[in-house]
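Colleague: Before anything else, here's the structure in question.
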Amino acid sequence: MEATMPRKAPTWSMLMGFASFIIIHVCAENYEMGRHQFSGGGRFGDDMRKMQEFKASLIRHDSITAAPPSVSPSPAPSYVDPPPGRNSARVYHVTSYGADPTGERDSTDALAEAIADAFRGPTEGFLIDGIANLGGAQISLEGGYYRISRPLRLPAAGVGNLMIHGGTLRASDDFPTNGYLIDLSASSSPNENEETYESSISAQLSSSSSYNYEYITLRDLMLDSNYRGGGISVINSLRTSIDNCYITHFTTNGILVQSGHETYIRNSFLGQHITAGGDHGERNFSGTAINLMGNDNAVTDVVIFSASVGIMISGPANILSGVHCYNKATGFGGTGIYLRLPGLTQTRIVNSYLDYTGIVAEDPVQLDISNTFFLGDAYIVLKSIKGVANGVNIVNNMFSGSNKGVGIVQLDQSKGPFKDIGQIVVDRNNARGMNIKSTVGRRSVQGNGTSWTIDFNPVLLFPNLIKHVQYTLSTGGNAFPNHALRNVSNNRVVIESNVAVPASVFATVDQGVAN
(Lines give C-alpha, C1' and ligand atoms only; values in the text may rest on other atoms or scores of the structure.)
Protein backbone atom coordinates (compact mmCIF):
# COMPACT_ATOMS: atom_id res chain seq x y z
CA MET A 1 0.00 0.00 0.00
CA GLU A 2 2.81 2.37 0.85
CA ALA A 3 4.46 1.68 -2.50
CA THR A 4 1.35 2.79 -4.46
CA MET A 5 0.52 5.86 -2.42
CA PRO A 6 3.03 8.16 -4.13
CA ARG A 7 1.32 7.47 -7.49
CA LYS A 8 -2.23 8.07 -6.12
CA ALA A 9 -1.33 11.11 -4.10
CA PRO A 10 -1.16 13.56 -7.05
CA THR A 11 -4.61 12.42 -8.37
CA TRP A 12 -6.15 12.66 -4.94
CA SER A 13 -4.70 16.12 -4.42
CA MET A 14 -6.10 17.37 -7.75
CA LEU A 15 -9.60 16.06 -6.97
CA MET A 16 -9.62 17.56 -3.53
CA GLY A 17 -8.34 20.88 -4.82
CA PHE A 18 -11.10 20.99 -7.48
CA ALA A 19 -13.74 20.11 -4.91
CA SER A 20 -12.49 22.76 -2.55
CA PHE A 21 -12.60 25.32 -5.38
CA ILE A 22 -16.28 24.48 -6.06
CA ILE A 23 -17.15 24.62 -2.34
CA ILE A 24 -15.31 27.90 -1.83
CA HIS A 25 -16.86 29.41 -4.96
CA VAL A 26 -20.42 28.35 -3.96
CA CYS A 27 -19.95 29.48 -0.39
CA ALA A 28 -18.61 32.78 -1.59
CA GLU A 29 -21.72 33.33 -3.75
CA ASN A 30 -24.02 32.39 -0.87
CA TYR A 31 -22.05 34.71 1.33
CA GLU A 32 -22.40 37.56 -1.17
CA MET A 33 -26.18 37.06 -1.40
CA GLY A 34 -26.83 36.65 2.29
CA ARG A 35 -24.06 38.64 3.85
CA HIS A 36 -26.50 40.74 5.83
CA GLN A 37 -27.74 37.55 7.52
CA PHE A 38 -24.21 36.48 8.46
CA SER A 39 -22.60 39.81 9.01
CA GLY A 40 -21.59 38.80 12.48
CA GLY A 41 -19.23 36.04 11.11
CA GLY A 42 -19.92 33.10 13.38
CA ARG A 43 -20.17 29.64 11.97
CA PHE A 44 -19.69 30.55 8.32
CA GLY A 45 -16.29 32.16 9.00
CA ASP A 46 -15.17 29.11 10.95
CA ASP A 47 -16.15 26.84 8.08
CA MET A 48 -14.19 28.90 5.60
CA ARG A 49 -11.04 28.84 7.72
CA LYS A 50 -11.24 25.06 8.20
CA MET A 51 -11.66 24.51 4.46
CA GLN A 52 -8.55 26.60 3.64
CA GLU A 53 -6.47 24.79 6.25
CA PHE A 54 -7.58 21.44 4.89
CA LYS A 55 -6.63 22.44 1.33
CA ALA A 56 -3.17 23.65 2.45
CA SER A 57 -2.52 20.40 4.28
CA LEU A 58 -3.32 18.39 1.14
CA ILE A 59 -0.89 20.47 -0.96
CA ARG A 60 1.90 20.05 1.60
CA HIS A 61 1.27 16.34 1.78
CA ASP A 62 1.40 16.09 -2.01
CA SER A 63 4.76 17.94 -2.28
CA ILE A 64 6.36 15.69 0.31
CA THR A 65 5.09 12.37 -0.99
CA ALA A 66 5.88 13.21 -4.62
CA ALA A 67 9.61 13.46 -3.89
CA PRO A 68 11.83 10.44 -3.20
CA PRO A 69 12.06 9.68 0.55
CA SER A 70 15.83 10.38 0.58
CA VAL A 71 15.63 13.89 -0.98
CA SER A 72 14.68 16.83 1.18
CA PRO A 73 13.30 20.01 -0.42
CA SER A 74 15.96 22.61 -1.16
CA PRO A 75 15.60 26.21 -0.08
CA ALA A 76 15.00 28.75 -2.85
CA PRO A 77 18.25 30.36 -4.09
CA SER A 78 18.88 33.96 -3.14
CA TYR A 79 21.06 36.53 -5.05
CA VAL A 80 23.72 38.33 -3.05
CA ASP A 81 25.35 41.47 -4.49
CA PRO A 82 29.15 41.21 -4.74
CA PRO A 83 31.06 43.40 -2.33
CA PRO A 84 31.75 46.87 -3.70
CA GLY A 85 35.23 47.46 -5.19
CA ARG A 86 37.20 48.93 -8.07
CA ASN A 87 39.25 45.94 -9.10
CA SER A 88 39.01 42.28 -9.98
CA ALA A 89 41.58 40.10 -8.23
CA ARG A 90 44.89 41.92 -8.83
CA VAL A 91 43.84 43.86 -11.91
CA TYR A 92 43.54 47.58 -11.19
CA HIS A 93 41.26 49.39 -13.63
CA VAL A 94 42.31 53.01 -13.91
CA THR A 95 38.89 54.37 -14.85
CA SER A 96 37.68 53.22 -11.43
CA TYR A 97 40.07 55.74 -9.96
CA GLY A 98 38.68 58.57 -12.04
CA ALA A 99 41.03 58.43 -15.02
CA ASP A 100 39.48 59.96 -18.13
CA PRO A 101 39.79 57.54 -21.07
CA THR A 102 38.92 60.28 -23.57
CA GLY A 103 42.01 62.38 -22.77
CA GLU A 104 39.99 65.53 -22.17
CA ARG A 105 40.94 65.74 -18.50
CA ASP A 106 44.30 65.18 -16.82
CA SER A 107 44.52 61.63 -15.43
CA THR A 108 47.90 61.78 -13.70
CA ASP A 109 46.59 61.55 -10.13
CA ALA A 110 44.14 58.76 -10.96
CA LEU A 111 46.81 56.67 -12.65
CA ALA A 112 49.23 57.26 -9.77
CA GLU A 113 46.57 56.14 -7.30
CA ALA A 114 45.95 52.92 -9.24
CA ILE A 115 49.69 52.19 -9.27
CA ALA A 116 49.91 52.89 -5.53
CA ASP A 117 47.00 50.52 -4.85
CA ALA A 118 48.76 47.79 -6.79
CA PHE A 119 51.80 48.32 -4.59
CA ARG A 120 49.63 48.01 -1.49
CA GLY A 121 48.41 44.62 -2.63
CA PRO A 122 49.56 41.31 -1.18
CA THR A 123 53.04 40.05 -1.92
CA GLU A 124 54.21 36.51 -2.57
CA GLY A 125 57.65 36.36 -1.03
CA PHE A 126 60.60 37.75 -2.95
CA LEU A 127 62.17 37.62 -6.37
CA ILE A 128 65.87 38.46 -6.22
CA ASP A 129 66.94 39.32 -2.68
CA GLY A 130 65.30 42.54 -1.59
CA ILE A 131 62.63 42.65 -4.34
CA ALA A 132 59.11 41.88 -3.07
CA ASN A 133 56.93 39.85 -5.46
CA LEU A 134 53.61 41.58 -6.23
CA GLY A 135 52.29 38.34 -7.68
CA GLY A 136 51.61 39.58 -11.20
CA ALA A 137 49.48 42.64 -10.38
CA GLN A 138 48.22 44.50 -13.45
CA ILE A 139 47.47 48.15 -14.10
CA SER A 140 44.87 48.05 -16.88
CA LEU A 141 44.46 51.16 -19.02
CA GLU A 142 41.32 49.56 -20.49
CA GLY A 143 42.00 50.74 -24.01
CA GLY A 144 41.72 54.39 -23.02
CA TYR A 145 43.56 57.54 -24.08
CA TYR A 146 44.96 59.35 -21.02
CA ARG A 147 46.58 62.75 -20.75
CA ILE A 148 49.22 63.14 -18.04
CA SER A 149 51.14 66.19 -16.85
CA ARG A 150 54.02 64.51 -15.01
CA PRO A 151 55.91 61.21 -15.27
CA LEU A 152 54.27 58.05 -13.95
CA ARG A 153 56.63 56.62 -11.34
CA LEU A 154 56.31 53.58 -9.17
CA PRO A 155 55.84 54.66 -5.53
CA ALA A 156 59.05 53.12 -4.25
CA ALA A 157 61.84 50.73 -5.13
CA GLY A 158 62.11 47.12 -4.01
CA VAL A 159 59.18 45.43 -5.80
CA GLY A 160 58.61 43.37 -8.92
CA ASN A 161 56.22 41.24 -10.99
CA LEU A 162 53.93 44.07 -12.15
CA MET A 163 52.40 44.86 -15.56
CA ILE A 164 51.10 48.11 -17.04
CA HIS A 165 49.21 47.51 -20.27
CA GLY A 166 46.47 48.21 -22.73
CA GLY A 167 46.11 51.90 -23.58
CA THR A 168 47.58 55.23 -24.66
CA LEU A 169 49.44 57.85 -22.62
CA ARG A 170 49.99 61.36 -23.97
CA ALA A 171 52.07 64.12 -22.41
CA SER A 172 50.18 67.32 -21.72
CA ASP A 173 51.38 70.67 -23.01
CA ASP A 174 52.99 71.42 -19.62
CA PHE A 175 54.71 68.04 -19.24
CA PRO A 176 58.37 68.52 -18.11
CA THR A 177 60.65 68.43 -21.13
CA ASN A 178 63.26 66.33 -19.31
CA GLY A 179 60.76 63.75 -18.11
CA TYR A 180 59.56 60.35 -19.34
CA LEU A 181 55.93 59.24 -19.58
CA ILE A 182 56.78 56.06 -17.65
CA ASP A 183 59.77 56.44 -15.34
CA LEU A 184 61.08 53.23 -13.76
CA SER A 185 63.55 54.92 -11.48
CA ALA A 186 63.62 55.19 -7.71
CA SER A 187 61.22 58.02 -6.88
CA SER A 188 63.13 61.05 -5.64
CA SER A 189 60.18 62.92 -4.22
CA PRO A 190 57.36 61.11 -2.38
CA ASN A 191 53.84 61.80 -3.55
CA GLU A 192 50.69 61.82 -1.51
CA ASN A 193 50.15 58.11 -1.92
CA GLU A 194 53.56 57.05 -0.63
CA GLU A 195 53.00 57.78 3.03
CA THR A 196 50.17 55.26 3.36
CA TYR A 197 52.02 52.70 1.31
CA GLU A 198 55.24 53.04 3.28
CA SER A 199 53.40 52.71 6.56
CA SER A 200 51.85 49.42 5.43
CA ILE A 201 54.90 47.61 4.00
CA SER A 202 57.82 49.70 5.13
CA ALA A 203 59.86 46.62 5.90
CA GLN A 204 59.72 45.45 2.29
CA LEU A 205 60.47 48.86 0.88
CA SER A 206 63.74 49.14 2.75
CA SER A 207 65.12 46.96 -0.01
CA SER A 208 68.49 45.35 0.36
CA SER A 209 68.64 44.73 -3.40
CA SER A 210 71.12 46.57 -5.57
CA TYR A 211 68.33 46.92 -8.19
CA ASN A 212 65.32 49.22 -8.10
CA TYR A 213 62.82 46.79 -9.65
CA GLU A 214 62.58 43.33 -11.16
CA TYR A 215 60.25 41.85 -13.76
CA ILE A 216 58.25 44.95 -14.65
CA THR A 217 56.31 44.50 -17.91
CA LEU A 218 55.10 47.33 -20.14
CA ARG A 219 52.90 45.89 -22.87
CA ASP A 220 50.43 46.99 -25.55
CA LEU A 221 51.00 50.70 -24.99
CA MET A 222 51.07 53.75 -27.22
CA LEU A 223 53.17 56.53 -25.71
CA ASP A 224 52.93 60.00 -27.21
CA SER A 225 55.53 62.33 -25.70
CA ASN A 226 54.02 65.35 -27.47
CA TYR A 227 57.55 66.64 -28.26
CA ARG A 228 58.14 67.09 -24.54
CA GLY A 229 60.73 64.61 -23.28
CA GLY A 230 60.90 60.84 -23.61
CA GLY A 231 58.79 57.72 -23.57
CA ILE A 232 60.14 55.12 -21.11
CA SER A 233 63.02 55.31 -18.65
CA VAL A 234 64.35 52.10 -17.06
CA ILE A 235 66.98 52.83 -14.42
CA ASN A 236 68.94 50.13 -12.60
CA SER A 237 66.25 47.49 -13.03
CA LEU A 238 66.38 43.76 -13.59
CA ARG A 239 64.52 41.71 -16.20
CA THR A 240 62.27 44.45 -17.58
CA SER A 241 60.07 43.67 -20.58
CA ILE A 242 58.85 46.28 -23.10
CA ASP A 243 56.59 44.50 -25.56
CA ASN A 244 54.33 45.67 -28.40
CA CYS A 245 54.71 49.39 -27.73
CA TYR A 246 54.40 52.34 -30.11
CA ILE A 247 56.46 55.32 -28.92
CA THR A 248 56.40 58.62 -30.75
CA HIS A 249 56.96 62.40 -30.58
CA PHE A 250 59.92 62.14 -28.19
CA THR A 251 62.65 64.77 -28.15
CA THR A 252 65.21 63.01 -25.93
CA ASN A 253 64.96 59.20 -25.92
CA GLY A 254 62.10 56.98 -26.90
CA ILE A 255 63.43 54.36 -24.46
CA LEU A 256 66.31 54.93 -22.05
CA VAL A 257 67.91 51.95 -20.31
CA GLN A 258 70.56 52.86 -17.78
CA SER A 259 72.50 50.38 -15.63
CA GLY A 260 70.66 47.27 -14.49
CA HIS A 261 70.41 44.00 -16.39
CA GLU A 262 68.34 42.30 -19.06
CA THR A 263 65.85 44.80 -20.40
CA TYR A 264 64.12 43.13 -23.35
CA ILE A 265 62.57 45.40 -25.98
CA ARG A 266 60.61 43.56 -28.65
CA ASN A 267 57.84 43.85 -31.25
CA SER A 268 57.76 47.63 -30.96
CA PHE A 269 57.72 50.75 -33.15
CA LEU A 270 59.53 54.00 -32.39
CA GLY A 271 59.76 57.30 -34.22
CA GLN A 272 59.95 60.98 -33.37
CA HIS A 273 57.65 61.78 -36.28
CA ILE A 274 54.99 59.46 -37.61
CA THR A 275 56.13 58.69 -41.15
CA ALA A 276 56.85 55.77 -43.44
CA GLY A 277 59.95 57.15 -45.12
CA GLY A 278 60.59 59.94 -47.61
CA ASP A 279 59.52 62.60 -45.12
CA HIS A 280 60.22 66.17 -46.24
CA GLY A 281 61.36 67.06 -42.73
CA GLU A 282 63.75 64.12 -42.36
CA ARG A 283 66.78 66.38 -42.33
CA ASN A 284 65.53 67.88 -39.05
CA PHE A 285 64.82 64.64 -37.18
CA SER A 286 66.41 64.61 -33.72
CA GLY A 287 66.48 62.48 -30.58
CA THR A 288 67.42 58.85 -30.03
CA ALA A 289 64.86 56.08 -30.32
CA ILE A 290 66.57 53.55 -27.99
CA ASN A 291 69.47 54.43 -25.71
CA LEU A 292 71.10 51.40 -24.06
CA MET A 293 73.45 52.52 -21.30
CA GLY A 294 73.56 49.13 -19.63
CA ASN A 295 74.59 45.58 -20.40
CA ASP A 296 72.93 42.25 -21.21
CA ASN A 297 69.95 43.80 -22.99
CA ALA A 298 68.15 42.65 -26.14
CA VAL A 299 66.29 44.52 -28.88
CA THR A 300 64.31 42.17 -31.08
CA ASP A 301 61.92 42.76 -33.99
CA VAL A 302 61.80 46.52 -33.59
CA VAL A 303 61.17 49.20 -36.23
CA ILE A 304 62.66 52.69 -35.85
CA PHE A 305 61.15 55.01 -38.42
CA SER A 306 62.35 58.48 -37.39
CA ALA A 307 65.09 59.79 -35.08
CA SER A 308 68.56 61.23 -35.47
CA VAL A 309 69.98 58.01 -33.96
CA GLY A 310 68.08 54.77 -34.11
CA ILE A 311 69.87 52.85 -31.33
CA MET A 312 72.69 54.22 -29.21
CA ILE A 313 74.66 51.61 -27.26
CA SER A 314 77.15 52.49 -24.53
CA GLY A 315 77.04 49.27 -22.52
CA PRO A 316 78.55 45.87 -23.37
CA ALA A 317 77.04 42.45 -24.04
CA ASN A 318 73.90 43.57 -25.87
CA ILE A 319 72.22 41.91 -28.85
CA LEU A 320 70.12 43.39 -31.65
CA SER A 321 68.12 41.07 -33.87
CA GLY A 322 65.47 41.76 -36.47
CA VAL A 323 65.88 45.54 -36.16
CA HIS A 324 64.75 47.73 -39.06
CA CYS A 325 66.22 51.25 -38.98
CA TYR A 326 65.18 53.91 -41.46
CA ASN A 327 65.22 56.65 -38.86
CA LYS A 328 67.34 59.23 -40.74
CA ALA A 329 69.45 58.82 -43.84
CA THR A 330 73.22 58.93 -43.51
CA GLY A 331 73.23 61.69 -46.11
CA PHE A 332 71.18 63.85 -43.73
CA GLY A 333 73.49 63.12 -40.79
CA GLY A 334 71.57 60.21 -39.31
CA THR A 335 72.90 56.98 -37.81
CA GLY A 336 71.00 53.73 -37.56
CA ILE A 337 73.06 52.10 -34.80
CA TYR A 338 75.83 53.89 -32.91
CA LEU A 339 78.17 51.83 -30.70
CA ARG A 340 79.75 54.28 -28.29
CA LEU A 341 81.79 52.07 -26.01
CA PRO A 342 85.35 52.10 -27.32
CA GLY A 343 87.49 49.16 -26.33
CA LEU A 344 84.69 46.98 -24.92
CA THR A 345 81.93 46.63 -27.51
CA GLN A 346 80.79 43.03 -27.01
CA THR A 347 77.74 43.58 -29.18
CA ARG A 348 75.98 41.38 -31.72
CA ILE A 349 73.89 42.82 -34.58
CA VAL A 350 72.24 40.05 -36.57
CA ASN A 351 69.40 39.52 -39.04
CA SER A 352 68.65 43.22 -39.23
CA TYR A 353 67.87 45.83 -41.89
CA LEU A 354 69.72 49.14 -42.18
CA ASP A 355 67.69 51.24 -44.60
CA TYR A 356 69.58 54.31 -45.95
CA THR A 357 71.27 54.61 -42.55
CA GLY A 358 74.32 52.78 -41.26
CA ILE A 359 76.30 51.56 -38.26
CA VAL A 360 79.11 53.39 -36.46
CA ALA A 361 81.39 51.56 -33.98
CA GLU A 362 84.03 53.34 -31.91
CA ASP A 363 87.22 51.33 -31.29
CA PRO A 364 85.34 48.06 -31.77
CA VAL A 365 86.41 45.14 -29.60
CA GLN A 366 84.36 41.96 -29.94
CA LEU A 367 81.71 43.04 -32.40
CA ASP A 368 79.65 40.80 -34.66
CA ILE A 369 77.59 42.14 -37.58
CA SER A 370 76.16 39.35 -39.68
CA ASN A 371 73.26 38.34 -41.92
CA THR A 372 72.11 41.95 -42.18
CA PHE A 373 70.85 43.90 -45.20
CA PHE A 374 72.11 47.41 -45.98
CA LEU A 375 70.04 49.39 -48.47
CA GLY A 376 70.51 52.77 -50.12
CA ASP A 377 74.30 53.08 -49.84
CA ALA A 378 74.12 52.32 -46.11
CA TYR A 379 77.49 51.22 -44.78
CA ILE A 380 79.51 50.40 -41.63
CA VAL A 381 82.03 52.80 -40.10
CA LEU A 382 84.82 51.72 -37.75
CA LYS A 383 85.78 54.89 -35.89
CA SER A 384 89.19 55.22 -34.25
CA ILE A 385 89.28 56.77 -30.78
CA LYS A 386 92.45 55.21 -29.40
CA GLY A 387 93.29 53.20 -32.48
CA VAL A 388 91.98 49.80 -31.32
CA ALA A 389 90.08 47.24 -33.43
CA ASN A 390 90.10 43.66 -32.25
CA GLY A 391 87.80 40.67 -32.49
CA VAL A 392 85.49 42.05 -35.18
CA ASN A 393 83.37 39.88 -37.48
CA ILE A 394 81.55 41.58 -40.37
CA VAL A 395 80.42 38.64 -42.45
CA ASN A 396 77.59 37.30 -44.60
CA ASN A 397 75.88 40.66 -45.14
CA MET A 398 74.23 42.15 -48.23
CA PHE A 399 74.76 45.71 -49.46
CA SER A 400 72.82 47.56 -52.12
CA GLY A 401 73.67 51.02 -53.45
CA SER A 402 73.43 53.43 -56.33
CA ASN A 403 76.82 52.94 -58.06
CA LYS A 404 78.39 56.00 -56.45
CA GLY A 405 81.55 54.20 -55.38
CA VAL A 406 80.56 53.92 -51.71
CA GLY A 407 82.52 51.29 -49.75
CA ILE A 408 80.52 48.82 -47.68
CA VAL A 409 82.89 49.24 -44.69
CA GLN A 410 84.79 52.46 -44.03
CA LEU A 411 87.31 53.82 -41.54
CA ASP A 412 87.06 57.09 -39.64
CA GLN A 413 90.60 57.90 -38.53
CA SER A 414 90.06 61.61 -37.97
CA LYS A 415 91.20 61.21 -34.33
CA GLY A 416 94.18 59.06 -35.19
CA PRO A 417 94.94 55.89 -37.13
CA PHE A 418 94.13 52.38 -36.04
CA LYS A 419 97.29 50.88 -34.58
CA ASP A 420 96.17 47.89 -32.51
CA ILE A 421 94.48 45.65 -35.08
CA GLY A 422 93.89 41.93 -34.65
CA GLN A 423 91.36 39.18 -35.27
CA ILE A 424 89.42 41.24 -37.77
CA VAL A 425 87.32 39.37 -40.32
CA VAL A 426 85.48 41.38 -42.95
CA ASP A 427 84.64 38.81 -45.58
CA ARG A 428 81.95 36.86 -47.42
CA ASN A 429 79.80 39.95 -47.94
CA ASN A 430 78.12 40.68 -51.27
CA ALA A 431 77.42 44.09 -52.75
CA ARG A 432 75.46 45.51 -55.65
CA GLY A 433 76.17 49.11 -56.66
CA MET A 434 78.75 49.50 -53.85
CA ASN A 435 82.44 48.74 -53.45
CA ILE A 436 83.47 45.62 -51.60
CA LYS A 437 85.88 46.22 -48.73
CA SER A 438 87.44 43.34 -46.87
CA THR A 439 90.29 42.22 -44.65
CA VAL A 440 90.89 39.30 -46.98
CA GLY A 441 91.98 39.77 -50.59
CA ARG A 442 92.41 37.41 -53.51
CA ARG A 443 93.89 38.67 -56.77
CA SER A 444 96.10 37.52 -59.68
CA VAL A 445 98.43 39.03 -62.26
CA GLN A 446 100.20 37.78 -65.40
CA GLY A 447 103.48 38.95 -66.91
CA ASN A 448 106.81 38.08 -68.52
CA GLY A 449 109.78 39.07 -66.46
CA THR A 450 111.33 38.79 -63.03
CA SER A 451 108.87 40.80 -60.92
CA TRP A 452 105.10 40.75 -60.40
CA THR A 453 103.15 43.30 -58.34
CA ILE A 454 99.58 42.83 -57.12
CA ASP A 455 97.80 45.90 -55.73
CA PHE A 456 95.24 45.05 -53.01
CA ASN A 457 94.29 48.64 -52.12
CA PRO A 458 90.98 48.56 -54.01
CA VAL A 459 89.70 45.75 -51.80
CA LEU A 460 91.54 45.87 -48.45
CA LEU A 461 89.98 47.81 -45.59
CA PHE A 462 93.04 48.98 -43.63
CA PRO A 463 95.78 50.92 -45.37
CA ASN A 464 99.31 49.56 -45.47
CA LEU A 465 98.46 46.41 -43.53
CA ILE A 466 99.09 42.89 -44.76
CA LYS A 467 99.80 40.33 -42.07
CA HIS A 468 99.74 37.13 -44.05
CA VAL A 469 100.36 36.20 -47.71
CA GLN A 470 99.92 32.99 -49.64
CA TYR A 471 100.83 32.89 -53.34
CA THR A 472 101.45 30.57 -56.24
CA LEU A 473 103.62 31.22 -59.31
CA SER A 474 102.81 29.24 -62.42
CA THR A 475 104.99 29.28 -65.54
CA GLY A 476 104.44 27.52 -68.84
CA GLY A 477 108.08 27.49 -69.98
CA ASN A 478 110.81 24.94 -69.40
CA ALA A 479 112.50 27.11 -66.79
CA PHE A 480 112.24 26.35 -63.12
CA PRO A 481 112.95 29.72 -61.48
CA ASN A 482 113.59 30.51 -57.89
CA HIS A 483 111.02 33.04 -56.59
CA ALA A 484 110.09 34.74 -53.34
CA LEU A 485 107.83 37.30 -51.69
CA ARG A 486 109.82 40.53 -51.60
CA ASN A 487 107.45 43.25 -50.31
CA VAL A 488 103.96 43.90 -48.88
CA SER A 489 104.18 47.62 -48.12
CA ASN A 490 101.29 49.91 -49.04
CA ASN A 491 99.09 46.82 -49.53
CA ARG A 492 101.06 45.81 -52.64
CA VAL A 493 102.42 42.30 -52.87
CA VAL A 494 105.68 42.00 -54.85
CA ILE A 495 106.93 38.59 -56.05
CA GLU A 496 110.35 38.29 -57.70
CA SER A 497 112.21 35.49 -59.54
CA ASN A 498 115.88 34.93 -60.34
CA VAL A 499 115.30 34.57 -64.09
CA ALA A 500 112.84 36.11 -66.51
CA VAL A 501 109.88 33.84 -67.24
CA PRO A 502 106.29 34.19 -68.45
CA ALA A 503 104.19 33.49 -65.36
CA SER A 504 100.85 33.93 -63.61
CA VAL A 505 100.88 34.83 -59.92
CA PHE A 506 97.87 34.29 -57.65
CA ALA A 507 97.97 35.69 -54.08
CA THR A 508 95.73 35.67 -51.01
CA VAL A 509 96.33 38.22 -48.26
CA ASP A 510 94.87 38.72 -44.80
CA GLN A 511 94.85 41.82 -42.60
CA GLY A 512 93.22 40.35 -39.53
CA VAL A 513 95.27 37.30 -38.55
CA ALA A 514 95.83 37.10 -34.80
CA ASN A 515 99.16 38.40 -33.55
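As shown in the C-alpha coordinates, the chain order sets the letters A, B, ...; within each chain, residues go from 1, and ligands are also counted from 1 in the order they appear.
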Excluding A:Ser489 and its own-chain neighbours fewer than 6 positions away, which residues fall within 9 Å of it when counting only C-alpha atoms? Please give them as a ChimeraX atom specification.

Modeller: /A:464-466

Colleague: List as a count of residues only the protein and nucleic acid residues near stretch 401-404 of chain A, meaning an atom at most 7 Å away when only C-alpha atoms are counted, but skip any in the same chain fewer than 3 places from it.

Modeller: 6

Colleague: Which distance in Å separates atom CA of A:Gly294 and atom CA of A:Leu341, to one decimal?

Modeller: 10.8 Å

Colleague: Please report the interatomic distance between atom CA of A:Gly166 and atom CA of A:Thr240 in Å with one decimal.

Modeller: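 For atom CA of A:Gly166 relative to atom CA of A:Thr240, the distance reads 17.0 Å.
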
Colleague: Quick one: residues within 12 Å of A:Arg266, only C-alpha atoms counted, chain neighbours fewer than 5 positions away excluded, as a list in words?

Modeller: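 That gives Thr217, Leu218, Arg219, Asp220, Thr240, Ser241, Ile242, Asp243, Asn244, Cys245, Tyr246, Ile255, Ile290, Asn297, Ala298, Val299, Thr300, Asp301, Val302, Val303, Ile304, Ile319, Leu320, Ser321, Gly322, Val323 and His324 of chain A.
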
Colleague: Residues of stretch 295-485 of chain A in strand (DSSP E or B) according to DSSP, as an NGL selection string?

Modeller: :A and (295 or 298-306 or 309-313 or 318-321 or 324-325 or 335-339 or 347-350 or 353-355 or 359-362 or 365-370 or 373-375 or 380-383 or 388-395 or 398-400 or 407 or 409-412 or 420-427 or 430-432 or 435 or 438 or 440-455 or 460 or 468-475 or 483-485)

Colleague: So which one's closest to A:Tyr180, A:Arg153, A:Arg105, A:Lys419, A:Lys386? Using only C-alpha atoms, please.

Modeller: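 Nearest candidate to A:Tyr180 out of A:Arg153, A:Arg105, A:Lys419, A:Lys386: A:Arg153.
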
Colleague: Rank A:Thr345, A:Leu221, A:Ile495, A:Ser306 by their smallest atom-to-atom distance to A:His280, using only C-alpha atoms, and report the top residue only.

Modeller: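 Nearest candidate to A:His280 out of A:Thr345, A:Leu221, A:Ile495, A:Ser306: A:Ser306.
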
Colleague: Kindly give the distance, in Å, that separates atom CA of A:Asn284 and atom CA of A:Val409, rounded to a single decimal.

Modeller: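 Value for the atom CA of A:Asn284-atom CA of A:Val409 distance: 26.1 Å.
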
Colleague: A:Ser370, A:Thr508, A:Asn226, A:Asn498: which is nearest A:Phe480, counting only C-alpha atoms?

Modeller: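 Of the candidates, the smallest distance to A:Phe480 is held by A:Asn498.
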
Colleague: Hey, what's within 10 Å of A:Pro176 if we count only C-alpha atoms and toss same-chain stuff fewer than 2 positions away? As a list in words, please?

Modeller: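 My list of contacting residues is Ser149, Arg150, Pro151, Ala171, Ser172, Asp173, Asp174, Asn178, Gly179, Tyr180, Leu181, Arg228, Gly229 and Gly230 of chain A.
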
Colleague: Could you give me, as a list in words, the residues within 10 Å of A:Gly278, counting only C-alpha atoms and dropping anything in the same chain fewer than 6 positions from it?

Modeller: Tyr326, Lys328 and Ala329 of chain A

Colleague: Using N, CA and C atoms, can you write the selected residues to a file as a tab-separated table (two decimals), in the first residue's frame?

Modeller:
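Generated output (again_5.tsv):
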chain	number	residue	atom	x	y	z
A	326	TYR	N	65.17	52.91	-40.39
A	326	TYR	CA	65.18	53.91	-41.46
A	326	TYR	C	64.86	55.26	-40.85
A	328	LYS	N	66.85	58.01	-40.09
A	328	LYS	CA	67.34	59.23	-40.74
A	328	LYS	C	68.51	58.84	-41.63
A	329	ALA	N	68.44	59.24	-42.87
A	329	ALA	CA	69.45	58.82	-43.84
A	329	ALA	C	70.83	59.34	-43.45
